[in-house]
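Have a look at the structure below, then the notes.
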Amino acid sequence: MTQALMTSLGARDVLSRFTLFHTRDLDEARSRVADVFCPHELTFAGCGGEVDTRMQHARIRGVSINRLGYGATVSIDAGCLNDFLLVMMPLAGHAEVRCGAQQIHATPELASVVTPTLPLTKTIYDQCDQIMVKIDRSLLENVCAQHLGHALRKPLEFGLGLPMSSQGGVSWQALVSYVVSEFEHRSPTLASSLAAVQIEHLLVTTLLMVQPNNYRDELLNPSQSIAPRHVRRVEEYIDANADQDLTVGDLAAHANVSTSALFAGFREFRNTTPMAYLKSVRMQRVHEELRDPTSAEKTVTCIATHWGFHHLGHFAIAYKARFGESPSRTREKALA
């Protein structure tokens, strides 16, 4: 990390007015951190028998900037984060981080990007002080889909290590430092809903572009998203009418093209089919509704069938493959 950014992010009092808690109790530390992130196992991994945990938390819509140090060497098993991605940037000290099959030794020179659908374990050493950027998974996937021009066909997966000296790492640090500065100075920018949307969108877009992931080649190749008008028109129609009974014939008629031309356009420019795109949009709508506490009176079956999923066994399998958990689990967490 460059010295200027280290100074701005690593100063002792940065984000201090956003302090959530300070505790020397391991169970309290586990519980309070879980309130922000997710339930996890937290155990001592060193010689000391007491933590000195301090956490700061500042949120802007679907993104939060957190600062966390445990003050002791601890091991954490978080399983799959599921609902969010986490970028962990050590300001001092080091940590061993494993996500899925990847493992890195995180330092101020190497941050970690944790994929929501892959299991996370880590050992954080006693002097480790980290800035942790949490991004809601739904926000991440929606921004990615907007740039691609189509719904995601499979979950996003990122490379784990983000070198801070790389061009992408420097850009990411500068952006995080800017957001922290806005919080620190109580900037009126953050009070503007329009500006807040733009800031969260910029954070997500920057991460998608600078960090290796399974969609980055497509994101960096704009020619793949310049689809002909009839393809884009059908996508817009599906987005607006996904809860209706739609056939390929209906979609072709709306775009005023033949079904063969419609299939060819989706295959060439979207690498999918019109009906697969429809299914993906419907699956995303189910996910959003299951996560909405205001729809608590609706059952999983009711929501699934409303969006056209009538074979519940197949639906549950496809849902878990995409979102990393069962539909009922998504609903349970939303209503907790």
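Every chain in the structure tokens has a letter given in the order shown (A, B, ...), and although residue numbers restart at 1 in each chain, ligands are simply numbered from 1 in the order shown.
For A:Pro163, the residues within 9 Å (counting only C-alpha atoms, excluding itself and residues fewer than 5 positions away along the chain) are Met1, Glu109, Leu110, Ala111, Ser112, Gly168, Gly169 and Val170 of chain A.
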Just N, CA and C atoms for this one: save the residues we selected as a PDB file, in the first residue's frame.
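After the write, out.pdb holds the following:
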ATOM      1  N   MET A   1       0.852  -1.186   0.000  1.00  0.00           N
ATOM      2  CA  MET A   1       0.000   0.000   0.000  1.00  0.00           C
ATOM      3  C   MET A   1       0.890   1.238   0.000  1.00  0.00           C
ATOM      4  N   GLU A 109       0.489  -5.496   1.650  1.00  0.00           N
ATOM      5  CA  GLU A 109       0.790  -5.514   0.216  1.00  0.00           C
ATOM      6  C   GLU A 109      -0.134  -6.431  -0.576  1.00  0.00           C
ATOM      7  N   LEU A 110      -0.932  -7.258   0.113  1.00  0.00           N
ATOM      8  CA  LEU A 110      -1.792  -8.214  -0.579  1.00  0.00           C
ATOM      9  C   LEU A 110      -3.128  -8.342   0.149  1.00  0.00           C
ATOM     10  N   ALA A 111      -4.179  -7.781  -0.445  1.00  0.00           N
ATOM     11  CA  ALA A 111      -5.523  -7.880   0.117  1.00  0.00           C
ATOM     12  C   ALA A 111      -6.184  -9.170  -0.354  1.00  0.00           C
ATOM     13  N   SER A 112      -7.333  -9.483   0.226  1.00  0.00           N
ATOM     14  CA  SER A 112      -8.068 -10.683  -0.179  1.00  0.00           C
ATOM     15  C   SER A 112      -9.486 -10.307  -0.580  1.00  0.00           C
ATOM     16  N   GLY A 168      -4.559  -2.114 -10.666  1.00  0.00           N
ATOM     17  CA  GLY A 168      -5.895  -2.286 -10.123  1.00  0.00           C
ATOM     18  C   GLY A 168      -5.937  -2.069  -8.621  1.00  0.00           C
ATOM     19  N   GLY A 169      -4.919  -2.580  -7.919  1.00  0.00           N
ATOM     20  CA  GLY A 169      -4.862  -2.415  -6.473  1.00  0.00           C
ATOM     21  C   GLY A 169      -4.758  -0.956  -6.068  1.00  0.00           C
ATOM     22  N   VAL A 170      -3.942  -0.189  -6.794  1.00  0.00           N
ATOM     23  CA  VAL A 170      -3.796   1.238  -6.494  1.00  0.00           C
ATOM     24  C   VAL A 170      -5.118   1.967  -6.728  1.00  0.00           C
TER      25      VAL A 170
END
Query raised in the report: Please, which residues of stretch 67-177 of chain A, numbered as in this document, come out alpha helix (DSSP H) from DSSP, as a ChimeraX atom specification?
Result: /A:137-148,167-177
Prev. selection, N, CA and C atoms, output as a PDB file, in the first residue's frame:
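Contents of out_8.pdb, as written:
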ATOM      1  N   ARG A 137     -24.319  -8.974  -2.057  1.00  0.00           N
ATOM      2  CA  ARG A 137     -24.240  -9.821  -3.239  1.00  0.00           C
ATOM      3  C   ARG A 137     -25.253  -9.414  -4.307  1.00  0.00           C
ATOM      4  N   SER A 138     -26.459  -9.056  -3.906  1.00  0.00           N
ATOM      5  CA  SER A 138     -27.465  -8.657  -4.890  1.00  0.00           C
ATOM      6  C   SER A 138     -27.021  -7.422  -5.656  1.00  0.00           C
ATOM      7  N   LEU A 139     -26.400  -6.460  -4.964  1.00  0.00           N
ATOM      8  CA  LEU A 139     -25.859  -5.276  -5.632  1.00  0.00           C
ATOM      9  C   LEU A 139     -24.760  -5.674  -6.610  1.00  0.00           C
ATOM     10  N   LEU A 140     -23.846  -6.501  -6.166  1.00  0.00           N
ATOM     11  CA  LEU A 140     -22.731  -6.948  -6.999  1.00  0.00           C
ATOM     12  C   LEU A 140     -23.239  -7.609  -8.279  1.00  0.00           C
ATOM     13  N   GLU A 141     -24.191  -8.523  -8.133  1.00  0.00           N
ATOM     14  CA  GLU A 141     -24.695  -9.260  -9.287  1.00  0.00           C
ATOM     15  C   GLU A 141     -25.517  -8.365 -10.208  1.00  0.00           C
ATOM     16  N   ASN A 142     -26.285  -7.440  -9.642  1.00  0.00           N
ATOM     17  CA  ASN A 142     -27.085  -6.546 -10.473  1.00  0.00           C
ATOM     18  C   ASN A 142     -26.211  -5.620 -11.309  1.00  0.00           C
ATOM     19  N   VAL A 143     -25.144  -5.075 -10.697  1.00  0.00           N
ATOM     20  CA  VAL A 143     -24.242  -4.189 -11.442  1.00  0.00           C
ATOM     21  C   VAL A 143     -23.524  -4.981 -12.526  1.00  0.00           C
ATOM     22  N   CYS A 144     -23.082  -6.181 -12.195  1.00  0.00           N
ATOM     23  CA  CYS A 144     -22.411  -7.013 -13.184  1.00  0.00           C
ATOM     24  C   CYS A 144     -23.346  -7.304 -14.358  1.00  0.00           C
ATOM     25  N   ALA A 145     -24.588  -7.666 -14.068  1.00  0.00           N
ATOM     26  CA  ALA A 145     -25.554  -7.971 -15.124  1.00  0.00           C
ATOM     27  C   ALA A 145     -25.843  -6.739 -15.984  1.00  0.00           C
ATOM     28  N   GLN A 146     -25.886  -5.565 -15.367  1.00  0.00           N
ATOM     29  CA  GLN A 146     -26.110  -4.339 -16.131  1.00  0.00           C
ATOM     30  C   GLN A 146     -24.995  -4.107 -17.137  1.00  0.00           C
ATOM     31  N   HIS A 147     -23.760  -4.331 -16.717  1.00  0.00           N
ATOM     32  CA  HIS A 147     -22.628  -4.138 -17.626  1.00  0.00           C
ATOM     33  C   HIS A 147     -22.596  -5.205 -18.715  1.00  0.00           C
ATOM     34  N   LEU A 148     -22.966  -6.423 -18.366  1.00  0.00           N
ATOM     35  CA  LEU A 148     -22.956  -7.505 -19.347  1.00  0.00           C
ATOM     36  C   LEU A 148     -24.097  -7.368 -20.350  1.00  0.00           C
ATOM     37  N   GLN A 167      -1.761  -1.992 -10.737  1.00  0.00           N
ATOM     38  CA  GLN A 167      -2.547  -0.848 -11.181  1.00  0.00           C
ATOM     39  C   GLN A 167      -3.959  -0.917 -10.624  1.00  0.00           C
ATOM     40  N   GLY A 168      -4.559  -2.114 -10.666  1.00  0.00           N
ATOM     41  CA  GLY A 168      -5.895  -2.286 -10.123  1.00  0.00           C
ATOM     42  C   GLY A 168      -5.937  -2.069  -8.621  1.00  0.00           C
ATOM     43  N   GLY A 169      -4.919  -2.580  -7.919  1.00  0.00           N
ATOM     44  CA  GLY A 169      -4.862  -2.415  -6.473  1.00  0.00           C
ATOM     45  C   GLY A 169      -4.758  -0.956  -6.068  1.00  0.00           C
ATOM     46  N   VAL A 170      -3.942  -0.189  -6.794  1.00  0.00           N
ATOM     47  CA  VAL A 170      -3.796   1.238  -6.494  1.00  0.00           C
ATOM     48  C   VAL A 170      -5.118   1.967  -6.728  1.00  0.00           C
ATOM     49  N   SER A 171      -5.814   1.621  -7.823  1.00  0.00           N
ATOM     50  CA  SER A 171      -7.110   2.253  -8.106  1.00  0.00           C
ATOM     51  C   SER A 171      -8.128   1.931  -7.007  1.00  0.00           C
ATOM     52  N   TRP A 172      -8.145   0.678  -6.575  1.00  0.00           N
ATOM     53  CA  TRP A 172      -9.082   0.261  -5.531  1.00  0.00           C
ATOM     54  C   TRP A 172      -8.788   0.980  -4.216  1.00  0.00           C
ATOM     55  N   GLN A 173      -7.498   1.043  -3.837  1.00  0.00           N
ATOM     56  CA  GLN A 173      -7.128   1.741  -2.597  1.00  0.00           C
ATOM     57  C   GLN A 173      -7.544   3.201  -2.630  1.00  0.00           C
ATOM     58  N   ALA A 174      -7.301   3.856  -3.775  1.00  0.00           N
ATOM     59  CA  ALA A 174      -7.624   5.278  -3.886  1.00  0.00           C
ATOM     60  C   ALA A 174      -9.120   5.506  -3.724  1.00  0.00           C
ATOM     61  N   LEU A 175      -9.919   4.616  -4.288  1.00  0.00           N
ATOM     62  CA  LEU A 175     -11.367   4.751  -4.199  1.00  0.00           C
ATOM     63  C   LEU A 175     -11.851   4.525  -2.760  1.00  0.00           C
ATOM     64  N   VAL A 176     -11.339   3.492  -2.104  1.00  0.00           N
ATOM     65  CA  VAL A 176     -11.720   3.230  -0.716  1.00  0.00           C
ATOM     66  C   VAL A 176     -11.286   4.392   0.177  1.00  0.00           C
ATOM     67  N   SER A 177     -10.087   4.901  -0.059  1.00  0.00           N
ATOM     68  CA  SER A 177      -9.591   6.035   0.724  1.00  0.00           C
ATOM     69  C   SER A 177     -10.503   7.253   0.552  1.00  0.00           C
TER      70      SER A 177
END
**Report entry** Contacts of A:Thr330 within 12 Å, only C-alpha atoms, excl. fewer than 2 positions in-chain, as an MDAnalysis selection string
**Finding:** chainID A and resid 82:83 286:293 296 299:300 316 319:320 323:328 332:336
Query raised in the report: Counting only C-alpha atoms, what is within 10 Å of A:Phe37, bar same-chain residues fewer than 6 positions away, as a PyMOL selection string?
Result: chain A and resi 31+78+81+83-86+134
Output file for the residues above (N, CA, C and O atoms, as a compact mmCIF listing (two decimals), in the first residue's frame):
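Saved to selection-v6.txt:
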# COMPACT_ATOMS: atom_id res chain seq x y z
N SER A 31 -20.33 -12.36 18.58
CA SER A 31 -21.72 -11.96 18.38
C SER A 31 -21.84 -10.62 17.68
O SER A 31 -22.65 -10.46 16.74
N ALA A 78 -16.10 -19.15 8.68
CA ALA A 78 -17.35 -18.45 8.37
C ALA A 78 -18.24 -19.24 7.42
O ALA A 78 -19.36 -18.80 7.13
N LEU A 81 -20.15 -16.98 2.81
CA LEU A 81 -20.75 -15.70 3.22
C LEU A 81 -22.15 -15.54 2.62
O LEU A 81 -23.01 -14.88 3.20
N ASP A 83 -24.51 -13.90 1.29
CA ASP A 83 -25.22 -12.67 0.97
C ASP A 83 -24.32 -11.49 0.64
O ASP A 83 -24.81 -10.43 0.27
N PHE A 84 -23.01 -11.64 0.77
CA PHE A 84 -22.13 -10.52 0.52
C PHE A 84 -20.73 -10.96 0.14
O PHE A 84 -20.32 -12.09 0.43
N LEU A 85 -20.03 -10.07 -0.53
CA LEU A 85 -18.60 -10.24 -0.83
C LEU A 85 -17.82 -9.38 0.15
O LEU A 85 -18.31 -8.33 0.59
N LEU A 86 -16.60 -9.80 0.47
CA LEU A 86 -15.77 -9.07 1.43
C LEU A 86 -14.38 -8.86 0.84
O LEU A 86 -13.74 -9.81 0.37
N LYS A 134 -17.49 -4.47 2.67
CA LYS A 134 -18.57 -5.44 2.48
C LYS A 134 -19.50 -4.94 1.38
O LYS A 134 -19.97 -3.80 1.42
Query raised in the report: Got a sec: who's within 9 Å of A:Phe263, counting only C-alpha atoms, leaving out chain neighbours fewer than 6 positions off, as a ChimeraX atom specification?
Result: /A:248,272-274
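Within 7 Å of stretch 57-62 of chain A there are A:Phe18, A:Thr19, A:Leu20, A:Met55, A:Ser64, A:Ile65, A:Asn66, A:Arg67, A:Ile135, A:Asp136, A:Leu139, A:Ala196, A:Glu200, counting only C-alpha atoms and ignoring same-chain residues fewer than 2 positions away.
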Writer output for current selection, C-alpha atoms, as a compact mmCIF listing (two decimals), in the first residue's frame:
# COMPACT_ATOMS: atom_id res chain seq x y z
CA PHE A 18 -18.26 4.98 13.74
CA THR A 19 -17.15 2.60 16.50
CA LEU A 20 -19.67 -0.18 17.08
CA MET A 55 -14.83 -2.53 15.26
CA SER A 64 -20.15 -0.77 4.16
CA ILE A 65 -16.63 0.20 5.18
CA ASN A 66 -15.49 -1.59 8.33
CA ARG A 67 -12.34 -1.51 10.42
CA ILE A 135 -20.63 -5.45 -0.73
CA ASP A 136 -24.14 -6.89 -0.85
CA LEU A 139 -25.86 -5.28 -5.63
CA ALA A 196 -24.69 7.46 -2.89
CA GLU A 200 -21.65 2.29 -4.57
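If you measure from each of A:Ala101, A:Ala227, A:Val204, A:Leu26 to A:Leu160 using only C-alpha atoms, the closest one turns out to be A:Ala101.
Neighbouring residues of A:Pro90 at 8 Å or closer, counting only C-alpha atoms and skipping chain neighbours under 2 positions away, are A:Met88, A:Ala92, A:Gly93, A:His94, A:Ala106, A:Thr107, A:Pro108, A:Leu110, A:Ala111, A:Cys128, A:Asp129, A:Gln130, A:Ile131.
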Could you write out the selected residues, including N, CA, C and O atoms, as a PDB file, in the first residue's frame?
ATOM      1  N   MET A  88     -10.833  -7.684   2.152  1.00  0.00           N
ATOM      2  CA  MET A  88     -10.117  -7.459   3.417  1.00  0.00           C
ATOM      3  C   MET A  88      -8.735  -6.903   3.124  1.00  0.00           C
ATOM      4  O   MET A  88      -7.923  -7.536   2.449  1.00  0.00           O
ATOM      5  N   ALA A  92      -2.005  -3.217   8.853  1.00  0.00           N
ATOM      6  CA  ALA A  92      -0.816  -3.644   9.591  1.00  0.00           C
ATOM      7  C   ALA A  92      -1.018  -5.118   9.939  1.00  0.00           C
ATOM      8  O   ALA A  92      -2.138  -5.606   9.979  1.00  0.00           O
ATOM      9  N   GLY A  93       0.086  -5.812  10.192  1.00  0.00           N
ATOM     10  CA  GLY A  93      -0.019  -7.218  10.552  1.00  0.00           C
ATOM     11  C   GLY A  93      -0.329  -8.097   9.356  1.00  0.00           C
ATOM     12  O   GLY A  93      -0.222  -7.685   8.197  1.00  0.00           O
ATOM     13  N   HIS A  94      -0.760  -9.338   9.630  1.00  0.00           N
ATOM     14  CA  HIS A  94      -0.970 -10.289   8.539  1.00  0.00           C
ATOM     15  C   HIS A  94      -2.008 -11.327   8.944  1.00  0.00           C
ATOM     16  O   HIS A  94      -2.384 -11.453  10.121  1.00  0.00           O
ATOM     17  N   ALA A 106      -2.193 -12.831   3.614  1.00  0.00           N
ATOM     18  CA  ALA A 106      -2.605 -11.441   3.430  1.00  0.00           C
ATOM     19  C   ALA A 106      -1.733 -10.510   4.273  1.00  0.00           C
ATOM     20  O   ALA A 106      -1.484 -10.768   5.455  1.00  0.00           O
ATOM     21  N   THR A 107      -1.296  -9.425   3.665  1.00  0.00           N
ATOM     22  CA  THR A 107      -0.444  -8.418   4.290  1.00  0.00           C
ATOM     23  C   THR A 107      -0.888  -7.048   3.775  1.00  0.00           C
ATOM     24  O   THR A 107      -1.772  -6.973   2.911  1.00  0.00           O
ATOM     25  N   PRO A 108      -0.275  -5.958   4.246  1.00  0.00           N
ATOM     26  CA  PRO A 108      -0.601  -4.648   3.659  1.00  0.00           C
ATOM     27  C   PRO A 108      -0.313  -4.565   2.162  1.00  0.00           C
ATOM     28  O   PRO A 108      -0.838  -3.674   1.494  1.00  0.00           O
ATOM     29  N   LEU A 110      -0.932  -7.258   0.113  1.00  0.00           N
ATOM     30  CA  LEU A 110      -1.792  -8.214  -0.579  1.00  0.00           C
ATOM     31  C   LEU A 110      -3.128  -8.342   0.149  1.00  0.00           C
ATOM     32  O   LEU A 110      -3.200  -8.928   1.235  1.00  0.00           O
ATOM     33  N   ALA A 111      -4.179  -7.781  -0.445  1.00  0.00           N
ATOM     34  CA  ALA A 111      -5.523  -7.880   0.117  1.00  0.00           C
ATOM     35  C   ALA A 111      -6.184  -9.170  -0.354  1.00  0.00           C
ATOM     36  O   ALA A 111      -5.670  -9.871  -1.225  1.00  0.00           O
ATOM     37  N   CYS A 128      -2.912  -7.632  13.558  1.00  0.00           N
ATOM     38  CA  CYS A 128      -3.576  -7.366  12.276  1.00  0.00           C
ATOM     39  C   CYS A 128      -4.727  -6.366  12.446  1.00  0.00           C
ATOM     40  O   CYS A 128      -5.636  -6.572  13.251  1.00  0.00           O
ATOM     41  N   ASP A 129      -4.665  -5.284  11.688  1.00  0.00           N
ATOM     42  CA  ASP A 129      -5.679  -4.231  11.687  1.00  0.00           C
ATOM     43  C   ASP A 129      -6.158  -4.111  10.244  1.00  0.00           C
ATOM     44  O   ASP A 129      -5.357  -3.855   9.348  1.00  0.00           O
ATOM     45  N   GLN A 130      -7.455  -4.308   9.995  1.00  0.00           N
ATOM     46  CA  GLN A 130      -7.926  -4.400   8.613  1.00  0.00           C
ATOM     47  C   GLN A 130      -9.068  -3.434   8.306  1.00  0.00           C
ATOM     48  O   GLN A 130      -9.933  -3.198   9.144  1.00  0.00           O
ATOM     49  N   ILE A 131      -9.039  -2.901   7.085  1.00  0.00           N
ATOM     50  CA  ILE A 131     -10.201  -2.267   6.491  1.00  0.00           C
ATOM     51  C   ILE A 131     -10.911  -3.361   5.701  1.00  0.00           C
ATOM     52  O   ILE A 131     -10.308  -4.057   4.888  1.00  0.00           O
TER      53      ILE A 131
END
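With only C-alpha atoms as the atoms that count, the residue of A:Asp250, A:Asp126, A:Glu41, A:Glu96 with the shortest distance to A:Gly161 is A:Glu96.
From atom CA of A:Ala151 back to atom CA of A:Glu268, the distance works out to 15.3 Å.
Minimum atom-to-atom distances from A:Lys122, A:His311, A:Arg322, A:His230 to A:Pro155 were compared using only C-alpha atoms, and the lowest value belongs to A:Arg322.
The nearest approach to A:Gly149 among the residues A:Gly100, A:Gly71, A:Pro228, A:Gly249, with only C-alpha atoms taken into account, belongs to A:Pro228.
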